[in-house]
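> File name input_16.tsv; file contents TSV, C-alpha atoms; full text below.
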chain	number	residue	atom	x	y	z
A	130	PHE	CA	0.00	0.00	0.00
A	131	LYS	CA	2.78	2.45	0.90
A	132	LEU	CA	4.56	1.77	-2.38
A	133	LEU	CA	1.34	2.37	-4.30
A	134	ILE	CA	0.83	5.70	-2.51
A	135	LEU	CA	4.37	6.79	-3.38
A	136	LYS	CA	3.84	5.71	-6.99
A	137	ILE	CA	0.70	7.85	-7.29
A	138	ILE	CA	2.51	10.81	-5.75
A	139	ASN	CA	5.39	10.45	-8.22
A	140	ILE	CA	2.97	10.30	-11.16
A	141	SER	CA	1.14	13.37	-9.83
A	142	LEU	CA	4.37	15.33	-9.47
A	143	LYS	CA	5.38	14.40	-13.00
A	144	TYR	CA	2.08	14.86	-14.86
A	145	GLY	CA	0.03	17.08	-12.55
A	146	ASN	CA	-2.55	16.60	-9.81
A	147	SER	CA	-6.03	15.18	-10.09
A	148	HIS	CA	-8.72	14.74	-7.45
A	149	TYR	CA	-7.39	11.22	-6.89
A	150	SER	CA	-3.94	12.59	-6.11
A	151	ALA	CA	-5.53	13.96	-2.95
A	152	TYR	CA	-6.00	10.44	-1.58
A	153	ALA	CA	-2.30	9.71	-2.04
A	154	TYR	CA	-1.25	12.96	-0.38
A	155	ILE	CA	-3.54	12.51	2.62
A	156	SER	CA	-2.46	8.87	3.01
A	157	TYR	CA	1.19	9.85	2.97
A	158	ALA	CA	0.45	12.56	5.55
A	159	GLN	CA	-1.11	9.86	7.72
A	160	ILE	CA	2.04	7.75	7.42
A	161	LEU	CA	4.19	10.71	8.43
A	162	CYS	CA	2.06	11.44	11.50
A	163	SER	CA	1.98	7.81	12.57
A	164	LEU	CA	5.57	6.79	11.97
A	165	SER	CA	7.97	9.68	11.57
A	166	GLY	CA	6.52	12.61	13.48
A	167	LYS	CA	7.16	14.95	10.51
A	168	ASN	CA	4.10	17.03	11.30
A	169	ASN	CA	5.02	20.10	9.25
A	170	THR	CA	5.20	18.06	6.06
A	171	ALA	CA	1.98	16.30	7.03
A	172	ILE	CA	0.25	19.69	7.44
A	173	GLU	CA	1.34	20.76	3.95
A	174	LEU	CA	0.25	17.49	2.34
A	175	SER	CA	-3.08	17.51	4.18
A	176	THR	CA	-3.79	21.09	3.13
A	177	LEU	CA	-2.99	20.21	-0.47
A	178	ALA	CA	-5.25	17.15	-0.38
A	179	LEU	CA	-8.18	19.05	1.15
A	180	ASN	CA	-7.81	21.86	-1.42
A	181	LEU	CA	-7.76	19.39	-4.31
A	182	ILE	CA	-11.15	17.90	-3.36
A	183	LYS	CA	-12.96	21.17	-2.68
A	184	ASP	CA	-14.62	21.22	-6.10
A	185	SER	CA	-14.82	17.46	-6.55
A	186	GLU	CA	-18.23	15.88	-7.10
A	187	ASN	CA	-16.93	12.52	-5.90
A	188	SER	CA	-18.66	12.31	-2.51
A	189	GLU	CA	-17.03	9.02	-1.58
A	190	LEU	CA	-13.52	10.37	-2.20
A	191	LYS	CA	-14.26	13.55	-0.23
A	192	SER	CA	-15.67	11.46	2.60
A	193	LYS	CA	-12.58	9.26	2.83
A	194	ILE	CA	-10.16	12.19	2.78
A	195	ASN	CA	-12.07	14.10	5.44
A	196	PHE	CA	-12.18	10.94	7.57
A	197	ILE	CA	-8.43	10.28	7.28
A	198	TYR	CA	-7.64	13.89	8.16
A	199	ALA	CA	-10.02	14.04	11.14
A	200	THR	CA	-9.11	10.64	12.56
A	201	TYR	CA	-5.42	10.06	11.85
A	202	ILE	CA	-3.86	13.48	11.21
A	203	SER	CA	-5.64	16.42	12.84
A	204	HIS	CA	-4.75	15.35	16.39
A	205	CYS	CA	-1.09	16.10	15.61
A	206	PHE	CA	-1.65	19.84	15.25
A	207	ASP	CA	-5.35	20.74	15.20
A	208	ASP	CA	-7.87	21.19	18.01
A	209	ILE	CA	-10.86	18.95	18.69
A	210	ASN	CA	-13.39	21.45	17.29
A	211	ASN	CA	-11.86	21.28	13.82
A	212	SER	CA	-11.58	17.50	14.06
A	213	ILE	CA	-15.34	17.38	14.69
A	214	ILE	CA	-16.02	19.54	11.64
A	215	PHE	CA	-14.00	17.25	9.38
A	216	ILE	CA	-15.36	14.01	10.85
A	217	LYS	CA	-18.92	15.29	10.29
A	218	ASN	CA	-17.98	16.15	6.70
A	219	SER	CA	-16.85	12.53	6.26
A	220	ILE	CA	-20.29	11.08	6.99
A	221	ASN	CA	-21.44	9.88	3.57
A	222	TYR	CA	-24.97	8.46	3.70
A	223	ASN	CA	-24.34	6.46	0.54
A	224	ASN	CA	-21.90	4.16	2.36
A	225	PHE	CA	-22.92	2.24	5.50
A	226	ILE	CA	-19.38	1.31	6.48
A	227	GLN	CA	-18.09	4.88	6.15
A	228	VAL	CA	-20.99	6.24	8.20
A	229	SER	CA	-20.37	3.67	10.94
A	230	ASN	CA	-16.64	4.42	11.05
A	231	SER	CA	-17.12	8.20	11.06
A	232	PHE	CA	-19.93	8.09	13.59
A	233	SER	CA	-17.89	5.95	16.00
A	234	TYR	CA	-15.21	8.63	16.18
A	235	LEU	CA	-17.67	11.53	16.23
A	236	ILE	CA	-19.20	10.16	19.44
A	237	ILE	CA	-15.83	10.05	21.21
A	238	PHE	CA	-14.78	13.45	19.81
A	239	TYR	CA	-17.91	14.95	21.33
A	240	LEU	CA	-17.12	13.29	24.66
A	241	ILE	CA	-13.54	14.64	24.57
A	242	ARG	CA	-14.89	18.14	23.92
A	243	GLY	CA	-17.21	17.82	26.91
A	244	GLU	CA	-20.43	17.93	24.91
A	245	ASN	CA	-23.70	17.52	26.82
A	246	LEU	CA	-24.67	13.83	26.75
A	247	ASP	CA	-28.28	14.61	25.80
A	248	ASN	CA	-27.04	16.62	22.83
A	249	ILE	CA	-24.85	13.73	21.69
A	250	LEU	CA	-27.74	11.24	21.89
A	251	ASN	CA	-30.19	13.61	20.17
A	252	GLU	CA	-27.79	14.34	17.32
A	253	SER	CA	-27.06	10.62	17.00
A	254	GLU	CA	-30.68	9.63	16.42
A	255	LYS	CA	-30.74	10.17	12.65
A	256	THR	CA	-27.47	8.30	12.12
A	257	VAL	CA	-28.46	5.42	14.39
A	258	ASN	CA	-31.76	4.97	12.53
A	259	TYR	CA	-29.86	4.90	9.25
A	260	LEU	CA	-27.28	2.39	10.49
A	261	ASN	CA	-29.89	0.10	12.01
A	262	ASP	CA	-31.00	-0.75	8.48
A	263	ASP	CA	-27.81	-2.76	8.01
A	264	LYS	CA	-27.00	-5.16	10.85
A	265	ASN	CA	-23.70	-6.31	9.33
A	266	THR	CA	-21.83	-3.05	8.84
A	267	ALA	CA	-23.37	-0.81	11.48
A	268	SER	CA	-21.65	-2.33	14.48
A	269	GLN	CA	-18.43	-0.40	15.07
A	270	TYR	CA	-20.09	2.65	16.60
A	271	LEU	CA	-22.06	0.65	19.22
A	272	PRO	CA	-19.49	0.70	22.08
A	273	GLY	CA	-19.24	4.50	21.85
A	274	LEU	CA	-23.01	4.89	21.88
A	275	GLN	CA	-23.24	2.39	24.75
A	276	LEU	CA	-20.67	4.44	26.67
A	277	ILE	CA	-22.66	7.67	26.22
A	278	SER	CA	-25.98	5.96	27.04
A	279	THR	CA	-24.55	4.32	30.18
A	280	LEU	CA	-23.14	7.60	31.50
A	281	LYS	CA	-26.46	9.30	30.74
A	282	ASP	CA	-28.66	6.62	32.38
A	283	TYR	CA	-26.48	5.88	35.42
A	284	ASN	CA	-28.73	5.25	38.41
A	285	GLY	CA	-26.16	4.70	41.15
A	286	LYS	CA	-25.60	0.96	40.63
A	287	ILE	CA	-21.94	0.16	40.03
A	288	THR	CA	-22.77	-2.93	37.95
A	289	LEU	CA	-24.98	-1.10	35.46
A	290	TYR	CA	-22.22	-0.33	32.98
A	291	LYS	CA	-21.13	-3.98	32.76
A	292	ASP	CA	-24.49	-4.94	31.30
A	293	SER	CA	-24.09	-2.35	28.54
A	294	PHE	CA	-21.05	-3.95	26.91
A	295	ASN	CA	-21.59	-7.34	25.37
A	296	GLU	CA	-18.50	-9.49	24.74
A	297	ASN	CA	-20.32	-11.02	21.77
A	298	PHE	CA	-19.67	-7.73	19.99
A	299	LEU	CA	-16.07	-8.84	19.47
A	300	LYS	CA	-17.07	-12.08	17.73
A	301	ILE	CA	-18.20	-10.31	14.57
A	302	PHE	CA	-14.72	-8.88	13.98
A	303	ASN	CA	-11.66	-10.56	12.55
A	304	PRO	CA	-8.88	-10.38	15.20
A	305	LYS	CA	-6.27	-9.92	12.46
A	306	GLN	CA	-8.07	-7.45	10.19
A	307	ASP	CA	-10.38	-5.42	12.44
A	308	LEU	CA	-7.91	-4.33	15.10
A	309	GLU	CA	-9.11	-0.73	15.13
A	310	ALA	CA	-12.70	-1.77	15.84
A	311	ILE	CA	-11.52	-4.12	18.59
A	312	PHE	CA	-9.39	-1.37	20.13
A	313	TYR	CA	-12.41	0.95	20.00
A	314	TYR	CA	-14.44	-1.57	21.98
A	315	TYR	CA	-11.80	-1.95	24.70
A	316	PHE	CA	-11.24	1.81	24.75
A	317	CYS	CA	-14.93	2.59	25.39
A	318	ARG	CA	-15.37	-0.15	27.94
A	319	SER	CA	-12.16	0.63	29.85
A	320	ILE	CA	-12.84	4.35	30.25
A	321	CYS	CA	-16.39	3.52	31.32
A	322	SER	CA	-14.85	1.30	34.03
A	323	VAL	CA	-12.79	4.25	35.22
A	324	TYR	CA	-15.85	6.51	35.34
A	325	PHE	CA	-17.55	3.93	37.56
A	326	ASN	CA	-14.48	3.44	39.78
A	327	ASP	CA	-14.02	-0.18	38.72
A	328	TYR	CA	-10.26	0.24	38.43
A	329	GLN	CA	-9.19	-3.40	38.63
A	330	ASN	CA	-11.38	-4.34	35.70
A	331	SER	CA	-10.30	-1.24	33.77
A	332	LEU	CA	-6.64	-2.29	34.07
A	333	LYS	CA	-7.41	-5.64	32.44
A	334	LEU	CA	-9.20	-3.87	29.61
A	335	PHE	CA	-6.40	-1.34	29.19
A	336	GLU	CA	-3.92	-4.21	28.91
A	337	ASN	CA	-5.98	-5.64	26.06
A	338	SER	CA	-5.84	-2.23	24.39
A	339	GLU	CA	-2.09	-1.97	24.90
A	340	ASN	CA	-1.58	-5.17	22.91
A	341	ILE	CA	-3.28	-3.52	19.93
A	342	LEU	CA	-1.90	0.01	20.07
A	343	LEU	CA	1.36	-0.71	18.29
A	344	LEU	CA	-0.48	-2.42	15.44
A	345	ILE	CA	-2.87	0.37	14.44
A	346	ALA	CA	-2.55	3.94	13.19
A	347	LYS	CA	-2.38	6.70	15.80
A	348	THR	CA	-5.58	8.61	16.47
A	349	ARG	CA	-6.87	11.16	18.96
A	350	LEU	CA	-7.98	8.19	21.09
A	351	PHE	CA	-4.37	7.35	21.97
A	352	PRO	CA	-3.75	10.20	24.46
A	353	GLU	CA	-7.22	9.63	25.91
A	354	HIS	CA	-6.33	5.97	26.39
A	355	TYR	CA	-3.15	6.80	28.28
A	356	PHE	CA	-4.86	9.49	30.36
A	357	PHE	CA	-7.52	7.11	31.66
A	358	TYR	CA	-4.98	4.28	31.95
A	359	SER	CA	-2.86	6.49	34.22
A	360	LEU	CA	-5.91	7.28	36.37
A	361	ALA	CA	-6.62	3.58	36.83
A	362	ILE	CA	-2.98	2.81	37.71
A	363	THR	CA	-2.88	5.69	40.22
A	364	ALA	CA	-6.10	4.52	41.86
A	365	VAL	CA	-4.94	0.93	42.23
A	366	PHE	CA	-1.30	1.43	43.18
Represent the supplied structure as C-alpha cells.

Amino acid sequence: FKLLILKIINISLKYGNSHYSAYAYISYAQILCSLSGKNNTAIELSTLALNLIKDSENSELKSKINFIYATYISHCFDDINNSIIFIKNSINYNNFIQVSNSFSYLIIFYLIRGENLDNILNESEKTVNYLNDDKNTASQYLPGLQLISTLKDYNGKITLYKDSFNENFLKIFNPKQDLEAIFYYYFCRSICSVYFNDYQNSLKLFENSENILLLIAKTRLFPEHYFFYSLAITAVF
C-alpha cells in the first residue's frame, strides 16, 4: 500500500494533480504522522489534499479524505473542534461502512470536547436509525453509543455499565483485520470502568488495548487511552 501511494505521488508530481492525487497525499500525511513525526510536512500534504477535493463531485472520495484527516492526522496539530467539523464532513450516507466508522469517532470526539450527553444522543438519532437498516456493517459505533448511554442513564448501581457492553460484539470482527474496531471496543469499555471506579477491571481492559496500540494507526484516542490508563494505575497502586 505504501509503495502504491508513493507511486501515485510520483505520477502526480510528473504529470500534474487530479482529485485522486488527494488520496495519495492525505495517506502519505497519515504515514508521516503515525511513523515519523514529521508534522510540518503532514500539514502541507493535508492542506494540499483538502484543497484538491474542494470542487470534486466525488462524494465518496471527499468522505474518505475528510475521515483520514479528522481521525489520523488532525490530532497532531489541530484542536478537537476542527476535528469534529471534518469528521462530520466525512459522513457519507451512501456508504454504510463509512458512516459507521465516522460516527464511532464523532461520538468520542464529542465526549472529549465535553459535549452535553443529551445533545450527543439527540444528534445521533438520525445516524443510528440509518445504520440500524444494516446489521452487518453498522456495528463499530455501538461501544461508543453504549458508553454515552450508560453515562447518561447511570442510576447509582456500580454494575450497570457492565451490562451495557456485550463481549459477543467482538465475535463479529476478525482479530487480524479489524484491530481498530476491537481497540475501540476496549477503549470505550475501559474508560467507562474508570468513570464507575471499577479500576481493577479497567486495568485488564487497558492491557488488552495496549496489545493492539502498536499495530494500528495513531488517532486522537491514543492520548485519551493513556490518560484514563494512568488514572486507573494511580487509583490501584
> Excluding Glu173 (chain A) and residues on its chain fewer than 3 positions from it, collect all residues at most 10 Å away from it, counting only C-alpha atoms, and give them as a list in words.
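Residues meeting the cut-off are Tyr154, Ile155, Ala158, Asn168, Asn169, Thr170, Thr176, Leu177 and Ala178 of chain A.
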> Sorted by chain and rising residue number, which residues of region 192-305 of chain A lie within 12 Å of region 131-152 of chain A, and what are their closest atom pairs and distances in Å to one decimal, counting only C-alpha atoms, as a Markdown table?

| residue | atom | partner | partner_atom | distance |
| --- | --- | --- | --- | --- |
| A:Ser192 | CA | A:Tyr152 | CA | 10.6 |
| A:Lys193 | CA | A:Tyr152 | CA | 8.0 |
| A:Ile194 | CA | A:Tyr152 | CA | 6.3 |
| A:Asn195 | CA | A:Tyr152 | CA | 10.0 |
| A:Phe196 | CA | A:Tyr152 | CA | 11.1 |
| A:Ile197 | CA | A:Tyr152 | CA | 9.2 |
| A:Tyr198 | CA | A:Tyr152 | CA | 10.5 |
> Do you know which residues are at most 12 Å from Leu343 (chain A) counting all atoms listed in the file, after dropping those on the same chain fewer than 6 positions away, and could you put them as a ChimeraX atom specification?
/A:163-164,308-309,312,337,351
> Can you tell me which residues surround Asn224 (chain A) at a distance of at most 10 Å, considering only C-alpha atoms, apart from same-chain residues fewer than 5 positions away, and format the answer as a PDB file with C-alpha atoms, in the coordinates of the input?

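Written out: around.pdb:
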ATOM      1  CA  GLU A 189     -17.030   9.020  -1.580  1.00  0.00           C
ATOM      2  CA  SER A 192     -15.670  11.460   2.600  1.00  0.00           C
ATOM      3  CA  SER A 229     -20.370   3.670  10.940  1.00  0.00           C
ATOM      4  CA  LEU A 260     -27.280   2.390  10.490  1.00  0.00           C
ATOM      5  CA  THR A 266     -21.830  -3.050   8.840  1.00  0.00           C
TER       6      THR A 266
END
> Would you compute the distance between CA of Asn218 (chain A) and CA of Ser188 (chain A)? Give it in Å to one decimal.
10.0 Å
> For CA of Lys191 (chain A) and CA of Ser212 (chain A), determine how far apart the two atoms are, in Å to one decimal place.
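For CA of Lys191 (chain A) relative to CA of Ser212 (chain A), the distance reads 15.1 Å.
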> What is the CA of Gln269 (chain A)-CA of Ala310 (chain A) distance in Å, reported with one decimal?
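CA of Ala310 (chain A) lies at a distance of 5.9 Å from CA of Gln269 (chain A).
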> Rank nothing, just name the residue among A:Leu246, A:Asn258, A:Ser175, A:Ala199 nearest to Ser231 (chain A), using all atoms listed in the file.
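Going through A:Leu246, A:Asn258, A:Ser175, A:Ala199 one by one, the smallest distance to Ser231 (chain A) is for A:Ala199.
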> Neighbours of region 352-364 of chain A within 7 Å (all atoms listed in the file; same-chain residues fewer than 4 positions away dropped), as a PyMOL selection string?
chain A and resi 316+320+323+328+331-332+335
> Using all atoms listed in the file - which residues lie no farther than 8 Å from the point (-11.2, 9.3, 19.9) in the file's frame? Write them as an NGL selection string.
:A and (200 or 234-235 or 237-238 or 241 or 348-351 or 353)
> Please supply region 173-184 of chain A, rebuilt with all heavy atoms, as an mmCIF file, keeping the file's coordinate frame.

data_model
loop_
_atom_site.group_PDB
_atom_site.id
_atom_site.type_symbol
_atom_site.label_atom_id
_atom_site.label_comp_id
_atom_site.auth_asym_id
_atom_site.auth_seq_id
_atom_site.Cartn_x
_atom_site.Cartn_y
_atom_site.Cartn_z
ATOM 1 N N GLU A 173 1.300 20.282 5.331
ATOM 2 C CA GLU A 173 1.340 20.760 3.950
ATOM 3 C C GLU A 173 0.625 19.781 3.012
ATOM 4 O O GLU A 173 -0.147 20.190 2.135
ATOM 5 C CB GLU A 173 2.784 20.966 3.512
ATOM 6 C CG GLU A 173 3.505 22.083 4.268
ATOM 7 C CD GLU A 173 4.979 22.171 3.925
ATOM 8 O OE1 GLU A 173 5.449 21.326 3.144
ATOM 9 O OE2 GLU A 173 5.649 23.095 4.425
ATOM 10 N N LEU A 174 0.882 18.497 3.189
ATOM 11 C CA LEU A 174 0.250 17.490 2.340
ATOM 12 C C LEU A 174 -1.258 17.432 2.586
ATOM 13 O O LEU A 174 -2.051 17.280 1.647
ATOM 14 C CB LEU A 174 0.880 16.125 2.599
ATOM 15 C CG LEU A 174 2.307 15.931 2.078
ATOM 16 C CD1 LEU A 174 2.906 14.647 2.626
ATOM 17 C CD2 LEU A 174 2.314 15.900 0.546
ATOM 18 N N SER A 175 -1.660 17.540 3.841
ATOM 19 C CA SER A 175 -3.080 17.510 4.180
ATOM 20 C C SER A 175 -3.810 18.704 3.583
ATOM 21 O O SER A 175 -4.913 18.568 3.029
ATOM 22 C CB SER A 175 -3.274 17.500 5.703
ATOM 23 O OG SER A 175 -2.672 16.384 6.289
ATOM 24 N N THR A 176 -3.192 19.875 3.690
ATOM 25 C CA THR A 176 -3.790 21.090 3.130
ATOM 26 C C THR A 176 -3.943 20.963 1.621
ATOM 27 O O THR A 176 -4.989 21.327 1.054
ATOM 28 C CB THR A 176 -2.924 22.315 3.465
ATOM 29 O OG1 THR A 176 -2.791 22.426 4.889
ATOM 30 C CG2 THR A 176 -3.552 23.581 2.915
ATOM 31 N N LEU A 177 -2.924 20.420 0.975
ATOM 32 C CA LEU A 177 -2.990 20.210 -0.470
ATOM 33 C C LEU A 177 -4.116 19.246 -0.830
ATOM 34 O O LEU A 177 -4.899 19.506 -1.755
ATOM 35 C CB LEU A 177 -1.646 19.660 -0.970
ATOM 36 C CG LEU A 177 -1.571 19.261 -2.452
ATOM 37 C CD1 LEU A 177 -1.910 20.445 -3.346
ATOM 38 C CD2 LEU A 177 -0.181 18.714 -2.770
ATOM 39 N N ALA A 178 -4.217 18.150 -0.100
ATOM 40 C CA ALA A 178 -5.250 17.150 -0.380
ATOM 41 C C ALA A 178 -6.650 17.743 -0.202
ATOM 42 O O ALA A 178 -7.536 17.541 -1.049
ATOM 43 C CB ALA A 178 -5.068 15.949 0.541
ATOM 44 N N LEU A 179 -6.862 18.465 0.882
ATOM 45 C CA LEU A 179 -8.180 19.050 1.150
ATOM 46 C C LEU A 179 -8.542 20.105 0.098
ATOM 47 O O LEU A 179 -9.708 20.227 -0.294
ATOM 48 C CB LEU A 179 -8.206 19.659 2.547
ATOM 49 C CG LEU A 179 -8.125 18.642 3.699
ATOM 50 C CD1 LEU A 179 -7.845 19.341 5.022
ATOM 51 C CD2 LEU A 179 -9.405 17.815 3.782
ATOM 52 N N ASN A 180 -7.547 20.856 -0.372
ATOM 53 C CA ASN A 180 -7.810 21.860 -1.420
ATOM 54 C C ASN A 180 -8.153 21.198 -2.751
ATOM 55 O O ASN A 180 -8.986 21.708 -3.511
ATOM 56 C CB ASN A 180 -6.589 22.762 -1.595
ATOM 57 C CG ASN A 180 -6.438 23.758 -0.453
ATOM 58 O OD1 ASN A 180 -7.411 24.122 0.205
ATOM 59 N ND2 ASN A 180 -5.213 24.199 -0.203
ATOM 60 N N LEU A 181 -7.517 20.065 -3.033
ATOM 61 C CA LEU A 181 -7.760 19.390 -4.310
ATOM 62 C C LEU A 181 -9.183 18.831 -4.427
ATOM 63 O O LEU A 181 -9.702 18.688 -5.531
ATOM 64 C CB LEU A 181 -6.751 18.239 -4.491
ATOM 65 C CG LEU A 181 -5.329 18.630 -4.878
ATOM 66 C CD1 LEU A 181 -4.410 17.415 -4.848
ATOM 67 C CD2 LEU A 181 -5.302 19.273 -6.265
ATOM 68 N N ILE A 182 -9.803 18.508 -3.295
ATOM 69 C CA ILE A 182 -11.150 17.900 -3.360
ATOM 70 C C ILE A 182 -12.266 18.913 -3.141
ATOM 71 O O ILE A 182 -13.440 18.535 -3.151
ATOM 72 C CB ILE A 182 -11.295 16.757 -2.339
ATOM 73 C CG1 ILE A 182 -11.122 17.297 -0.910
ATOM 74 C CG2 ILE A 182 -10.328 15.629 -2.633
ATOM 75 C CD1 ILE A 182 -11.604 16.333 0.159
ATOM 76 N N LYS A 183 -11.924 20.175 -2.952
ATOM 77 C CA LYS A 183 -12.960 21.170 -2.680
ATOM 78 C C LYS A 183 -14.048 21.190 -3.734
ATOM 79 O O LYS A 183 -15.237 21.296 -3.429
ATOM 80 C CB LYS A 183 -12.323 22.568 -2.557
ATOM 81 C CG LYS A 183 -11.783 22.882 -1.174
ATOM 82 C CD LYS A 183 -11.293 24.320 -1.106
ATOM 83 C CE LYS A 183 -10.805 24.659 0.300
ATOM 84 N NZ LYS A 183 -10.302 26.058 0.381
ATOM 85 N N ASP A 184 -13.658 21.116 -4.991
ATOM 86 C CA ASP A 184 -14.620 21.220 -6.100
ATOM 87 C C ASP A 184 -14.982 19.853 -6.685
ATOM 88 O O ASP A 184 -15.675 19.788 -7.701
ATOM 89 C CB ASP A 184 -14.048 22.106 -7.200
ATOM 90 C CG ASP A 184 -13.765 23.520 -6.715
ATOM 91 O OD1 ASP A 184 -14.545 24.015 -5.882
ATOM 92 O OD2 ASP A 184 -12.759 24.111 -7.155
#
